[in-house]
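Input: a single structure, listed below in structure tokens.
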Amino acid sequence: MTPPSTPKSLSESGKILDKPTVSKKIKSTKKLKDGKKDGEELVTPDFQSMLQIIFWNSLGFFFFTFLIPYATLEIMGSSGIELGFTVSSLTVGGLITAPIVGYLTDKISKKKLILFGSFGRGFSYIIMYFSIIFKSQLGFMFGIFFIGFSVGYFWTPLDALISQKSHKTFRAAAFGQRGGMIGKGNFVGSLISFLIFGLSYQFIPNIAWIVYSPLLIFTFSNFYAGITFFKNTDENLTYDDYIASSNNEKNSAIINNLNEENSKNEVNAKNNRPSKLYLGFLVFMLAFMLTSVNQSLSYPFLQGYLIENFVQHPILIMLVYFPSEMISQLLAPKLGVLADKLNPRITIFITGSLGASITWFLINSPNVWVFGILLIFDMLFAWLGMLILQNFLSRFSKTHRGKIFGVRQWVSLLGGIIGPIIGGYAWVISHKMPFIISIFVELALIPLFIIALYALKPFVAEKV
């Protein structure tokens, strides 16, 4: 499964430093807070209100992730192979919409696409709820499929908006803020899930319509998120426009410098060999696909491995998962700030190597506490690597962001179909086999990403 935010209000002063000062401050100062660096505004004033939708949409993430393997294996009594196909149905839905939405993101209202995605996720939770009540594996699988279909309309246009409303040197931090908002919503949603699911499972486990009622709460949170986002977000306000709207000489100098830089980058890109661009982009997309294969062939079976070796009670299982999800997401803004300062190729080498090592130690954990701690570090390294790559993609082109994010989403979803099926068959052979395969795939990804980053560097529109 391939899961993967909010600065406080910015001042209305419109104070922007000239470009040399901006570059100097971004490189030298360590003081960074709420989309500002020493008073320098790095996102548009509506950035906070825009990202509020993520909080409300994220309330159900943890419960949804928990329910996929739990409902399939424990409630429906299905096999590991059926679990693999159920997880794959999520990506099949997204696979259908990703290329369409990538094109539409650059052509039509992003707000309308995001509104559809938010409402679609809400309706999907309703389908999942009634499928669990009536123990319908087919209906449950359809609900999972419809979520994948719907959220394809959500993340691609939202990522494009995040990119166009943030400064290029703050881009990974902006996506880190996105992850932080997921963490906040996930935290509140998890408390709701623990309270309702935990208490009702303990005292009235046979009244399923109450036990799984958090799904209905999260349905309405998605409806609310879509409506408020549509009403409050100005999709036409970009970071460049925000700078240009302040009528002073310093801002005019910034715009002129940005235009000159973009022109130079376009000329340099044309002078580079197209074959290098195509090869680099092909390798990059292949690496993204294998990343999704790697995540989805092992992650759905972590819960089954946990049940088999350590704990069986669903509340204890949730408690093991809870810290890794929450801590990694809540720390995402800090990881984003770090990602903006690190060398991408060196960082990918380190995070990939450590991620593979942690997977090995994870399946050889002596007890559930070590298992949970390792899971936290595994998620932290995964987030750091993702933010590095998201930063690079967002700067690759200013006019074709939607298409690039759409292609990335499509190949990732293709890998998300393949991974769970491979993992399901590997699970039949040995319950450690999905994780062993994951180790080798993660190590193979390191050279692919390094080669792609090196090949595509000359073609980046927003260089830093």
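Letters A, B, ... mark the chains of the structure tokens in the order given; residue numbers begin at 1 per chain; ligand numbers begin at 1, in order shown.
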Inset, instruction - Using only C-alpha atoms, determine which residues lie at most 8 Å from segment 326-330 of chain A, disregarding the query and same-chain residues fewer than 6 positions distant; provide the list as a ChimeraX atom specification. - result: /A:179-184,186-187,376,379-380,383
Taking only residues of segment 170-218 of chain A that have an atom at most 10 Å from an atom of segment 61-80 of chain A, what is each one's shortest atom pair and its distance in Å to one decimal, using only C-alpha atoms, in chain and number order, as a tab-separated table?
```
residue	atom	partner	partner_atom	distance
A:Ile182	CA	A:Phe61	CA	8.5
A:Gly183	CA	A:Phe61	CA	9.5
A:Gly185	CA	A:Phe61	CA	8.4
A:Asn186	CA	A:Phe61	CA	6.1
A:Phe187	CA	A:Phe62	CA	8.3
A:Val188	CA	A:Phe62	CA	10.0
A:Gly189	CA	A:Phe62	CA	7.3
A:Ser190	CA	A:Phe62	CA	6.2
A:Leu191	CA	A:Phe62	CA	9.9
A:Ile192	CA	A:Phe63	CA	9.4
A:Ser193	CA	A:Phe63	CA	6.4
A:Phe194	CA	A:Phe63	CA	8.9
A:Phe197	CA	A:Phe63	CA	9.4
A:Tyr212	CA	A:Leu67	CA	9.4
A:Pro214	CA	A:Phe63	CA	8.1
A:Leu215	CA	A:Phe63	CA	8.0
A:Phe218	CA	A:Phe61	CA	9.1
```
Could you please take those selected residues and save C-alpha atoms as a PDB file, in the first residue's frame?
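Saved to selection.pdb:
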```
ATOM      1  CA  ILE A 182      -1.691  13.796   7.541  1.00  0.00           C
ATOM      2  CA  GLY A 183      -0.113  12.926  10.884  1.00  0.00           C
ATOM      3  CA  GLY A 185      -5.475  14.063  11.147  1.00  0.00           C
ATOM      4  CA  ASN A 186      -4.307  10.501  11.563  1.00  0.00           C
ATOM      5  CA  PHE A 187      -3.648  11.098  15.253  1.00  0.00           C
ATOM      6  CA  VAL A 188      -7.119  12.495  15.948  1.00  0.00           C
ATOM      7  CA  GLY A 189      -8.733   9.814  13.785  1.00  0.00           C
ATOM      8  CA  SER A 190      -6.796   7.116  15.597  1.00  0.00           C
ATOM      9  CA  LEU A 191      -8.040   8.371  18.951  1.00  0.00           C
ATOM     10  CA  ILE A 192     -11.598   8.199  17.616  1.00  0.00           C
ATOM     11  CA  SER A 193     -10.950   4.688  16.315  1.00  0.00           C
ATOM     12  CA  PHE A 194      -9.382   3.505  19.572  1.00  0.00           C
ATOM     13  CA  PHE A 197     -13.658   0.400  18.107  1.00  0.00           C
ATOM     14  CA  TYR A 212     -17.103  -0.347  12.799  1.00  0.00           C
ATOM     15  CA  PRO A 214     -15.857   5.072  12.822  1.00  0.00           C
ATOM     16  CA  LEU A 215     -16.076   4.505   9.076  1.00  0.00           C
ATOM     17  CA  PHE A 218     -14.836   9.500   8.551  1.00  0.00           C
TER      18      PHE A 218
END
```
Legend entry - Per-residue DSSP, segment 22-126 of chain A, filtered to helix (DSSP H, G or I), as a PyMOL selection string: chain A and resi 22-28+47-75+80-105+110-126
Using only C-alpha atoms, tabulate the residues of segment 307-352 of chain A lying at most 12 Å from any atom of segment 431-446 of chain A, each with its closest atom pair and that distance in Å to one decimal, by chain and increasing residue number, as JSON lines.
```
{"residue": "A:Ile307", "atom": "CA", "partner": "A:His431", "partner_atom": "CA", "distance": 11.4}
{"residue": "A:Glu308", "atom": "CA", "partner": "A:His431", "partner_atom": "CA", "distance": 9.2}
{"residue": "A:Asn309", "atom": "CA", "partner": "A:His431", "partner_atom": "CA", "distance": 10.3}
{"residue": "A:Pro344", "atom": "CA", "partner": "A:Ile446", "partner_atom": "CA", "distance": 11.3}
{"residue": "A:Arg345", "atom": "CA", "partner": "A:Ile446", "partner_atom": "CA", "distance": 8.7}
{"residue": "A:Ile346", "atom": "CA", "partner": "A:Ile446", "partner_atom": "CA", "distance": 9.8}
{"residue": "A:Thr347", "atom": "CA", "partner": "A:Ile446", "partner_atom": "CA", "distance": 9.9}
{"residue": "A:Ile348", "atom": "CA", "partner": "A:Ile446", "partner_atom": "CA", "distance": 6.5}
{"residue": "A:Phe349", "atom": "CA", "partner": "A:Ile446", "partner_atom": "CA", "distance": 5.6}
{"residue": "A:Ile350", "atom": "CA", "partner": "A:Ile446", "partner_atom": "CA", "distance": 8.9}
{"residue": "A:Thr351", "atom": "CA", "partner": "A:Ile446", "partner_atom": "CA", "distance": 8.9}
{"residue": "A:Gly352", "atom": "CA", "partner": "A:Ile446", "partner_atom": "CA", "distance": 6.1}
```
